[in-house]
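Peer 1: This is start18.txt, which holds compact mmCIF, C-alpha atoms:
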```
# COMPACT_ATOMS: atom_id res chain seq x y z
CA MET A 21 109.24 116.98 105.63
CA THR A 22 105.64 117.13 106.66
CA SER A 23 103.74 114.45 108.54
CA LEU A 24 101.97 113.38 105.36
CA ASP A 25 105.39 112.93 103.72
CA ILE A 26 106.59 110.61 106.47
CA LEU A 27 103.32 108.66 106.43
CA PHE A 28 103.37 108.28 102.65
CA GLY A 29 107.05 107.34 102.70
CA ALA A 30 106.44 104.51 105.17
CA VAL A 31 103.38 103.09 103.39
CA GLY A 32 104.95 103.61 99.96
CA LEU A 33 108.09 101.71 100.99
CA ILE A 34 105.95 98.71 101.99
CA THR A 35 104.08 98.97 98.68
CA ALA A 36 107.26 99.10 96.61
CA ALA A 37 108.96 96.28 98.53
CA SER A 38 105.95 93.96 98.31
CA ALA A 39 105.48 94.75 94.59
CA VAL A 40 109.11 93.79 93.92
CA LEU A 41 108.70 90.63 96.03
CA ALA A 42 105.50 89.72 94.15
CA VAL A 43 107.37 89.59 90.85
CA THR A 44 110.56 87.97 92.17
CA THR A 45 109.44 85.32 94.68
CA GLN A 46 109.89 81.69 93.65
CA GLN A 47 106.66 80.48 95.24
CA LEU A 48 103.44 80.91 93.28
CA VAL A 49 101.06 81.43 96.18
CA HIS A 50 103.47 83.84 97.86
CA ALA A 51 103.39 85.99 94.69
CA ALA A 52 99.60 86.28 94.97
CA LEU A 53 99.85 87.05 98.71
CA TRP A 54 102.52 89.71 98.17
CA LEU A 55 100.17 91.18 95.56
CA VAL A 56 97.54 91.42 98.33
CA VAL A 57 100.00 93.39 100.49
CA ALA A 58 100.97 95.67 97.59
CA LEU A 59 97.37 96.43 96.62
CA GLY A 60 96.25 96.86 100.24
CA THR A 61 99.01 99.31 101.08
CA LEU A 62 98.31 101.11 97.80
CA ALA A 63 94.79 101.66 99.15
CA GLY A 64 96.50 103.20 102.19
CA CYS A 65 98.44 105.50 99.83
CA TYR A 66 95.15 106.60 98.25
CA LEU A 67 93.81 107.30 101.74
CA ILE A 68 96.84 109.49 102.52
CA LEU A 69 96.34 111.31 99.22
CA GLY A 70 92.78 112.12 100.31
CA ALA A 71 90.88 109.77 97.99
CA GLU A 72 88.75 107.83 100.46
CA LEU A 73 86.25 106.52 97.90
CA VAL A 74 88.99 105.26 95.58
CA ALA A 75 90.76 103.59 98.51
CA LEU A 76 87.59 101.74 99.52
CA VAL A 77 86.85 100.66 95.94
CA GLN A 78 90.46 99.49 95.63
CA LEU A 79 90.07 97.37 98.77
CA LEU A 80 86.71 95.94 97.66
CA VAL A 81 87.51 95.22 94.01
CA TYR A 82 91.23 94.51 93.99
CA VAL A 83 91.96 92.92 97.35
CA GLY A 84 88.50 91.38 97.60
CA ALA A 85 87.83 90.12 94.10
CA VAL A 86 90.84 90.25 91.80
CA VAL A 87 93.24 88.49 94.18
CA VAL A 88 90.66 85.80 94.92
CA LEU A 89 90.33 85.23 91.16
CA VAL A 90 94.13 84.99 90.85
CA LEU A 91 94.29 82.46 93.70
CA PHE A 92 91.47 80.45 92.08
CA ALA A 93 93.37 80.43 88.79
CA LEU A 94 96.52 79.22 90.57
CA MET A 95 94.58 76.38 92.18
CA LEU A 96 92.67 75.41 89.03
CA THR A 97 95.86 75.24 86.97
CA ARG A 98 97.32 72.81 89.54
CA ALA A 99 100.08 75.15 90.58
CA PRO A 100 102.88 73.36 92.39
CA MET A 101 103.07 74.32 96.04
CA GLY A 102 106.45 75.14 97.48
CA ARG A 103 109.55 76.65 95.96
CA SER A 104 110.21 75.92 92.31
CA PRO A 105 112.52 77.86 89.99
CA GLU A 106 110.45 77.02 86.89
CA HIS A 107 108.19 80.05 87.29
CA SER A 108 110.90 82.45 86.17
CA SER A 109 112.58 82.51 82.79
CA SER A 110 116.21 81.80 82.02
CA ALA A 111 118.92 83.96 83.54
CA VAL A 112 119.46 85.89 80.28
CA GLN A 113 115.79 86.77 80.03
CA ARG A 114 115.67 87.75 83.70
CA ILE A 115 118.65 90.08 83.26
CA ALA A 116 117.01 91.56 80.17
CA GLY A 117 113.82 91.99 82.19
CA ALA A 118 115.71 93.74 84.98
CA VAL A 119 117.38 96.08 82.47
CA ILE A 120 114.04 96.91 80.82
CA ALA A 121 112.41 97.41 84.23
CA ALA A 122 115.20 99.76 85.32
CA GLY A 123 114.86 101.58 81.99
CA THR A 124 111.10 101.94 82.45
CA THR A 125 111.60 103.30 85.97
CA ALA A 126 114.33 105.71 84.83
CA LEU A 127 112.32 106.90 81.81
CA LEU A 128 109.15 107.53 83.83
CA GLY A 129 111.17 109.16 86.59
CA SER A 130 113.08 111.42 84.23
CA VAL A 131 109.80 112.59 82.69
CA LEU A 132 107.60 112.88 85.79
CA LEU A 133 109.99 114.06 88.50
CA PRO A 134 111.48 117.15 86.81
CA ALA A 135 108.08 118.16 85.45
CA LEU A 136 106.04 117.86 88.65
CA GLY A 137 108.23 116.56 91.43
CA GLY A 138 109.41 119.85 92.89
CA GLU A 139 106.00 120.97 94.03
CA VAL A 140 104.64 120.89 97.54
CA LEU A 141 100.89 120.91 97.42
CA SER A 142 98.02 120.62 99.82
CA VAL A 143 95.84 117.56 99.45
CA ARG A 144 92.12 117.98 99.14
CA THR A 145 90.36 115.66 101.56
CA GLY A 146 86.78 114.71 102.12
CA ASP A 147 85.27 115.54 98.76
CA THR A 148 83.55 112.19 98.24
CA LYS A 149 80.27 114.04 97.78
CA ALA A 150 81.75 116.11 94.97
CA ILE A 151 83.13 112.98 93.31
CA ALA A 152 79.72 111.30 93.52
CA THR A 153 78.03 114.38 92.07
CA GLN A 154 80.45 114.48 89.15
CA LEU A 155 80.32 110.69 88.66
CA PHE A 156 76.55 110.69 88.20
CA GLY A 157 76.52 114.08 86.50
CA ALA A 158 79.25 114.77 83.98
CA TRP A 159 80.55 111.20 83.82
CA VAL A 160 77.23 109.35 83.73
CA TRP A 161 77.47 108.10 80.13
CA PRO A 162 80.96 106.57 80.50
CA PHE A 163 79.69 105.06 83.77
CA GLU A 164 76.76 103.40 81.98
CA LEU A 165 79.04 102.22 79.18
CA LEU A 166 81.25 100.59 81.80
CA SER A 167 78.34 98.51 83.08
CA VAL A 168 77.80 97.28 79.51
CA LEU A 169 81.52 96.51 79.32
CA LEU A 170 81.35 94.46 82.52
CA LEU A 171 78.36 92.50 81.18
CA MET A 172 80.21 91.84 77.91
CA ALA A 173 83.31 90.70 79.81
CA LEU A 174 81.17 88.34 81.90
CA ILE A 175 79.57 86.80 78.81
CA ALA A 176 82.95 86.59 77.06
CA ALA A 177 84.56 84.84 80.01
CA LEU A 178 81.67 82.36 80.09
CA ALA A 179 81.94 81.76 76.34
CA VAL A 180 85.70 81.27 76.47
CA SER A 181 85.50 78.84 79.39
CA ARG A 182 82.78 76.80 77.64
CA MET A 183 84.65 76.73 74.35
CA PRO A 184 85.08 73.08 73.25
CA THR A 185 88.73 72.05 73.18
CA THR A 186 90.33 68.89 71.87
CA SER A 187 92.67 68.17 74.70
CA PRO A 188 95.18 65.33 74.40
CA THR A 189 96.40 65.77 77.96
CA SER A 190 93.15 65.84 79.86
CA PRO A 191 91.55 62.49 80.68
CA VAL A 192 88.11 64.10 81.00
CA PRO A 193 86.30 65.19 77.80
CA ALA A 194 86.17 68.94 77.40
CA GLU A 195 82.37 69.10 77.43
CA MET A 196 82.19 67.43 80.81
CA GLU A 197 84.98 69.48 82.25
CA SER A 198 83.43 72.77 81.29
CA THR A 199 80.15 72.06 83.03
CA MET B 29 100.92 119.33 102.49
CA ILE B 30 102.80 116.63 100.63
CA HIS B 31 105.84 116.58 98.37
CA VAL B 32 104.59 115.40 94.97
CA TRP B 33 107.80 113.53 94.15
CA LEU B 34 106.99 110.80 96.69
CA PRO B 35 103.88 109.38 94.93
CA LEU B 36 105.54 109.91 91.56
CA ALA B 37 108.57 107.86 92.64
CA LEU B 38 106.22 105.09 93.77
CA VAL B 39 104.52 105.24 90.34
CA CYS B 40 107.91 104.70 88.65
CA VAL B 41 108.86 101.79 90.94
CA LEU B 42 105.50 100.05 90.50
CA ALA B 43 105.65 100.35 86.71
CA GLY B 44 109.21 99.00 86.68
CA ALA B 45 108.31 96.04 88.93
CA GLY B 46 105.32 95.25 86.71
CA ALA B 47 107.44 95.38 83.56
CA TYR B 48 109.94 92.99 85.15
CA GLY B 49 107.11 90.63 86.10
CA VAL B 50 105.71 90.60 82.56
CA ILE B 51 109.09 89.83 80.99
CA ALA B 52 110.81 87.56 83.52
CA ARG B 53 107.94 85.22 84.43
CA ARG B 54 106.92 82.04 82.63
CA ASN B 55 103.70 81.18 84.45
CA ALA B 56 100.78 82.99 82.78
CA VAL B 57 99.12 83.89 86.10
CA LEU B 58 102.36 85.50 87.31
CA VAL B 59 102.57 87.53 84.09
CA LEU B 60 99.04 88.71 84.90
CA ILE B 61 100.25 89.86 88.34
CA GLY B 62 102.83 92.06 86.56
CA VAL B 63 100.09 93.54 84.37
CA GLU B 64 98.08 94.32 87.51
CA LEU B 65 101.07 96.18 89.00
CA ILE B 66 101.44 98.33 85.85
CA LEU B 67 97.71 99.11 85.94
CA ASN B 68 98.00 100.11 89.59
CA SER B 69 100.89 102.45 88.88
CA ALA B 70 98.64 104.20 86.34
CA ASN B 71 95.92 104.35 88.99
CA LEU B 72 98.30 105.94 91.50
CA LEU B 73 99.31 108.57 88.94
CA PHE B 74 95.63 109.39 88.31
CA VAL B 75 94.90 109.69 92.04
CA THR B 76 97.99 111.83 92.69
CA MET B 77 97.15 114.26 89.92
CA GLY B 78 93.49 114.29 90.91
CA SER B 79 94.42 115.09 94.50
CA VAL B 80 96.97 117.83 93.92
CA ARG B 81 95.38 119.50 90.89
CA GLY B 82 91.95 120.89 91.58
CA ASP B 83 89.41 120.56 88.79
CA THR B 84 85.67 120.75 89.03
CA LEU B 85 85.05 117.45 87.22
CA ARG B 86 87.25 115.45 89.69
CA THR B 87 88.77 113.77 86.63
CA GLY B 88 91.60 111.94 88.41
CA HIS B 89 89.50 110.16 90.97
CA VAL B 90 86.62 109.31 88.62
CA LEU B 91 88.97 107.91 85.96
CA THR B 92 90.64 105.79 88.65
CA LEU B 93 87.27 104.27 89.53
CA PHE B 94 86.69 103.56 85.83
CA LEU B 95 90.13 102.01 85.48
CA ILE B 96 89.56 99.72 88.48
CA THR B 97 86.32 98.53 86.84
CA ILE B 98 88.08 97.91 83.52
CA ALA B 99 90.84 96.01 85.35
CA ALA B 100 88.22 93.75 86.97
CA ALA B 101 86.68 92.99 83.57
CA GLU B 102 90.13 92.42 82.09
CA ILE B 103 91.22 89.95 84.75
CA GLY B 104 87.98 87.96 84.40
CA VAL B 105 88.50 87.48 80.67
CA ALA B 106 92.25 86.88 81.07
CA LEU B 107 91.73 84.13 83.64
CA ALA B 108 89.10 82.48 81.41
CA VAL B 109 91.66 82.48 78.58
CA ILE B 110 94.32 81.03 80.92
CA LEU B 111 91.97 78.24 82.02
CA ALA B 112 91.09 77.44 78.38
CA LEU B 113 94.84 77.38 77.64
CA PHE B 114 95.40 75.00 80.55
CA ARG B 115 92.68 72.63 79.32
CA LYS B 116 94.12 72.70 75.81
CA ARG B 117 97.82 72.31 76.65
CA GLY B 118 97.96 70.90 80.16
CA HIS B 119 100.29 73.65 81.38
CA ILE B 120 100.42 77.46 81.29
CA ASP B 121 104.13 77.88 80.64
CA LEU B 122 104.40 80.83 78.27
CA SER B 123 108.00 80.10 77.26
CA GLU B 124 107.03 76.95 75.37
CA PRO B 125 105.61 77.13 71.85
CA GLY B 126 101.91 76.52 71.39
CA ALA B 127 100.51 73.25 70.18
```
For this file, produce the structure as structure tokens.
Peer 2:
Amino acid sequence: MTSLDILFGAVGLITAASAVLAVTTQQLVHAALWLVVALGTLAGCYLILGAELVALVQLLVYVGAVVVLVLFALMLTRAPMGRSPEHSSSAVQRIAGAVIAAGTTALLGSVLLPALGGEVLSVRTGDTKAIATQLFGAWVWPFELLSVLLLMALIAALAVSRMPTTSPTSPVPAEMEST
Amino acid sequence: MIHVWLPLALVCVLAGAGAYGVIARRNAVLVLIGVELILNSANLLFVTMGSVRGDTLRTGHVLTLFLITIAAAEIGVALAVILALFRKRGHIDLSEPGA
């Protein structure tokens, strides 16, 4: 065991535990907050693996933006506060989900661990400059395409949220609600 | 120096937790949280391989940055769809048939 092993083991345990709690907790807002813990500690894992730039982008985009969007969605859909068992499916479906989740974990583990798990490798640290050089050199066209993708996603989200709906449940007309 | 099986085990656990969240949840936003966990397990695999395998293009780290961007776009569109669904049906329970 090296010091990096112990460090990664500690942070990874928090990540795994909070990820499991995020999908099993009975309270909606707690699920989003456990997701914050899981994504934040995952940024710590990236830091241990020597990917400083990726860790910072993870913190900025995921913890900063994505979780805020999730919390907004929970509030806008009038999520019930407090504990309620209605967020999870029936017991049969939950057992099936647990079996499929265990199968996914076992399948991925049986493929990845024997193929690569036995190695002990040194981690390259501090090559943010090299990543930036490659990002704006070899990867510049995918990078530009991604900005177009983000613009298209923005326009699509706007179009979907302004789409007129005939809602029997809402007392407010859809045109007024969307503005 | 780091044993590679540690990050790989975390990849497996995250993907399993995400799969459970997608299947066992009824609230659409909670299903989305499961999808995010699966995406993050893919990200961790990219970063691990990018860190332990040296290549001149830095493929692992750059593709992780791309994947984070795509995930941000995906969650924006997905939440717009969920809000439209809420306005149409009054609830976002995925276990009930659509109107």
Peer 1: Can you build me a table of stretch 34-106 of chain A residues sitting at most 7 Å from stretch 32-51 of chain B, with the closest atom pair per residue and its distance in Å to one decimal, using all atoms listed in the file, sorted by chain and residue number, as JSON lines?
Peer 2:
```
{"residue": "A:Ala36", "atom": "CA", "partner": "B:Leu42", "partner_atom": "CA", "distance": 6.4}
{"residue": "A:Ala39", "atom": "CA", "partner": "B:Ala45", "partner_atom": "CA", "distance": 6.5}
{"residue": "A:Val40", "atom": "CA", "partner": "B:Ala45", "partner_atom": "CA", "distance": 5.5}
{"residue": "A:Val43", "atom": "CA", "partner": "B:Gly49", "partner_atom": "CA", "distance": 4.9}
```
Peer 1: Go through A:Leu96, A:Ile68, A:Ala52, A:Leu128 one by one, measure the shortest atom-to-atom distance of each to A:Ile26 using all atoms listed in the file, and give the residue with the smallest value.
Peer 2: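 Result for the nearest residue to A:Ile26: A:Ile68.
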Peer 1: Restrict the calculation to all atoms listed in the file, then for each residue of stretch 68-93 of chain B with any atom at most 12 Å from an atom of stretch 136-144 of chain A give the closest atom pair and their distance in Å to one decimal, rows by chain and rising residue number, as JSON lines.
Peer 2:
```
{"residue": "B:Leu73", "atom": "CA", "partner": "A:Leu136", "partner_atom": "CA", "distance": 11.5}
{"residue": "B:Val75", "atom": "CA", "partner": "A:Val143", "partner_atom": "CA", "distance": 10.9}
{"residue": "B:Thr76", "atom": "CA", "partner": "A:Val143", "partner_atom": "CA", "distance": 9.1}
{"residue": "B:Met77", "atom": "CA", "partner": "A:Leu136", "partner_atom": "CA", "distance": 9.7}
{"residue": "B:Gly78", "atom": "CA", "partner": "A:Arg144", "partner_atom": "CA", "distance": 9.1}
{"residue": "B:Ser79", "atom": "CA", "partner": "A:Val143", "partner_atom": "CA", "distance": 5.7}
{"residue": "B:Val80", "atom": "CA", "partner": "A:Val143", "partner_atom": "CA", "distance": 5.7}
{"residue": "B:Arg81", "atom": "CA", "partner": "A:Leu141", "partner_atom": "CA", "distance": 8.7}
{"residue": "B:Gly82", "atom": "CA", "partner": "A:Arg144", "partner_atom": "CA", "distance": 8.1}
{"residue": "B:Asp83", "atom": "CA", "partner": "A:Arg144", "partner_atom": "CA", "distance": 11.0}
{"residue": "B:Arg86", "atom": "CA", "partner": "A:Arg144", "partner_atom": "CA", "distance": 10.9}
{"residue": "B:His89", "atom": "CA", "partner": "A:Arg144", "partner_atom": "CA", "distance": 11.6}
```
Peer 1: Which distance in Å separates atom CA of B:Thr84 and atom CA of A:Leu67, to one decimal?
Peer 2: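 Separation between atom CA of B:Thr84 and atom CA of A:Leu67: 20.2 Å.
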Peer 1: When you get a sec, could you note down which chain A residues fall within 7 Å of chain B, using only C-alpha atoms, as a PyMOL selection string?
Peer 2: chain A and resi 22+24-25+29+32+36+39-40+43+66+69-70+74+86+90+93-94+97+107-109+113-114+117-118+121-122+124-125+128-129+132-133+136-144+151+154-155+170+173+176-177+180-181+185-187+189-190
Peer 1: For the atom pair atom CA of B:Phe74 and atom CA of A:Leu41, what is the interatomic distance in Å to one decimal place?
Peer 2: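 Separating atom CA of B:Phe74 from atom CA of A:Leu41 is a distance of 24.1 Å.
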Peer 1: Within 6 Å of A:Thr35, counting only C-alpha atoms, which residues qualify if same-chain residues fewer than 3 places away don't, as a PDB file with C-alpha atoms, in the coordinates of the input?
Peer 2:
```pdb
ATOM      1  CA  GLY A  32     104.950 103.610  99.960  1.00  0.00           C
ATOM      2  CA  SER A  38     105.950  93.960  98.310  1.00  0.00           C
ATOM      3  CA  ALA A  58     100.970  95.670  97.590  1.00  0.00           C
ATOM      4  CA  THR A  61      99.010  99.310 101.080  1.00  0.00           C
TER       5      THR A  61
END
```
Peer 1: Hey, which of A:Ile175, A:Ile120, A:Val57, A:Ala152 ends up closest to A:Ala37? Count all atoms listed in the file.
Peer 2: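 Of all the options, A:Val57 lies closest to A:Ala37.
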Peer 1: Atom CA of A:Arg103 to atom CA of A:Thr45: how many Å, to one decimal?
Peer 2: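 According to the coordinates, atom CA of A:Arg103 and atom CA of A:Thr45 are separated by 8.8 Å.
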Peer 1: Calculated over only C-alpha atoms, which of the candidates A:Gly123, A:Ala30, A:Val56, A:Val112 has the smallest distance to A:Ala42?
Peer 2: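 Answer, going by the shortest atom-to-atom distance: A:Val56.
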Peer 1: Can you rebuild stretch 34-61 of chain A with N, CA and C atoms and give it as an mmCIF file, in the coordinates of the input?
Peer 2:
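What follows is the written file result27.cif:
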```cif
data_model
loop_
_atom_site.group_PDB
_atom_site.id
_atom_site.type_symbol
_atom_site.label_atom_id
_atom_site.label_comp_id
_atom_site.auth_asym_id
_atom_site.auth_seq_id
_atom_site.Cartn_x
_atom_site.Cartn_y
_atom_site.Cartn_z
ATOM 1 N N ILE A 34 106.535 100.063 101.911
ATOM 2 C CA ILE A 34 105.950 98.710 101.990
ATOM 3 C C ILE A 34 105.375 98.322 100.641
ATOM 4 N N THR A 35 104.669 99.276 99.986
ATOM 5 C CA THR A 35 104.080 98.970 98.680
ATOM 6 C C THR A 35 105.145 98.570 97.676
ATOM 7 N N ALA A 36 106.218 99.379 97.592
ATOM 8 C CA ALA A 36 107.260 99.100 96.610
ATOM 9 C C ALA A 36 107.941 97.777 96.894
ATOM 10 N N ALA A 37 108.259 97.519 98.189
ATOM 11 C CA ALA A 37 108.960 96.280 98.530
ATOM 12 C C ALA A 37 108.083 95.072 98.218
ATOM 13 N N SER A 38 106.784 95.122 98.563
ATOM 14 C CA SER A 38 105.950 93.960 98.310
ATOM 15 C C SER A 38 105.674 93.779 96.821
ATOM 16 N N ALA A 39 105.646 94.892 96.044
ATOM 17 C CA ALA A 39 105.480 94.750 94.590
ATOM 18 C C ALA A 39 106.689 94.047 93.986
ATOM 19 N N VAL A 40 107.900 94.438 94.440
ATOM 20 C CA VAL A 40 109.110 93.790 93.920
ATOM 21 C C VAL A 40 109.140 92.321 94.326
ATOM 22 N N LEU A 41 108.730 92.021 95.581
ATOM 23 C CA LEU A 41 108.700 90.630 96.030
ATOM 24 C C LEU A 41 107.675 89.819 95.247
ATOM 25 N N ALA A 42 106.542 90.461 94.870
ATOM 26 C CA ALA A 42 105.500 89.720 94.150
ATOM 27 C C ALA A 42 105.990 89.263 92.789
ATOM 28 N N VAL A 43 106.900 90.008 92.172
ATOM 29 C CA VAL A 43 107.370 89.590 90.850
ATOM 30 C C VAL A 43 108.679 88.812 90.921
ATOM 31 N N THR A 44 109.301 88.695 92.116
ATOM 32 C CA THR A 44 110.560 87.970 92.170
ATOM 33 C C THR A 44 110.500 86.697 93.005
ATOM 34 N N THR A 45 109.456 86.501 93.818
ATOM 35 C CA THR A 45 109.440 85.320 94.680
ATOM 36 C C THR A 45 109.317 84.045 93.853
ATOM 37 N N GLN A 46 109.876 82.953 94.391
ATOM 38 C CA GLN A 46 109.890 81.690 93.650
ATOM 39 C C GLN A 46 108.674 80.830 93.967
ATOM 40 N N GLN A 47 107.825 81.282 94.875
ATOM 41 C CA GLN A 47 106.660 80.480 95.240
ATOM 42 C C GLN A 47 105.406 81.150 94.707
ATOM 43 N N LEU A 48 104.590 80.349 93.989
ATOM 44 C CA LEU A 48 103.440 80.910 93.280
ATOM 45 C C LEU A 48 102.453 81.594 94.209
ATOM 46 N N VAL A 49 102.092 80.887 95.296
ATOM 47 C CA VAL A 49 101.060 81.430 96.180
ATOM 48 C C VAL A 49 101.581 82.663 96.905
ATOM 49 N N HIS A 50 102.890 82.660 97.218
ATOM 50 C CA HIS A 50 103.470 83.840 97.860
ATOM 51 C C HIS A 50 103.369 85.051 96.950
ATOM 52 N N ALA A 51 103.520 84.861 95.629
ATOM 53 C CA ALA A 51 103.390 85.990 94.690
ATOM 54 C C ALA A 51 102.010 86.612 94.807
ATOM 55 N N ALA A 52 100.967 85.754 94.844
ATOM 56 C CA ALA A 52 99.600 86.280 94.970
ATOM 57 C C ALA A 52 99.420 86.978 96.321
ATOM 58 N N LEU A 53 100.027 86.429 97.383
ATOM 59 C CA LEU A 53 99.850 87.050 98.710
ATOM 60 C C LEU A 53 100.620 88.350 98.815
ATOM 61 N N TRP A 54 101.819 88.426 98.183
ATOM 62 C CA TRP A 54 102.520 89.710 98.170
ATOM 63 C C TRP A 54 101.747 90.744 97.358
ATOM 64 N N LEU A 55 101.022 90.263 96.319
ATOM 65 C CA LEU A 55 100.170 91.180 95.560
ATOM 66 C C LEU A 55 99.071 91.751 96.459
ATOM 67 N N VAL A 56 98.535 90.917 97.372
ATOM 68 C CA VAL A 56 97.540 91.420 98.330
ATOM 69 C C VAL A 56 98.135 92.562 99.153
ATOM 70 N N VAL A 57 99.376 92.353 99.659
ATOM 71 C CA VAL A 57 100.000 93.390 100.490
ATOM 72 C C VAL A 57 100.209 94.663 99.665
ATOM 73 N N ALA A 58 100.699 94.494 98.417
ATOM 74 C CA ALA A 58 100.970 95.670 97.590
ATOM 75 C C ALA A 58 99.689 96.450 97.315
ATOM 76 N N LEU A 59 98.603 95.732 96.954
ATOM 77 C CA LEU A 59 97.370 96.430 96.620
ATOM 78 C C LEU A 59 96.721 97.027 97.864
ATOM 79 N N GLY A 60 96.821 96.322 99.009
ATOM 80 C CA GLY A 60 96.250 96.860 100.240
ATOM 81 C C GLY A 60 96.953 98.112 100.708
ATOM 82 N N THR A 61 98.300 98.104 100.660
ATOM 83 C CA THR A 61 99.010 99.310 101.080
ATOM 84 C C THR A 61 98.842 100.430 100.070
#
```
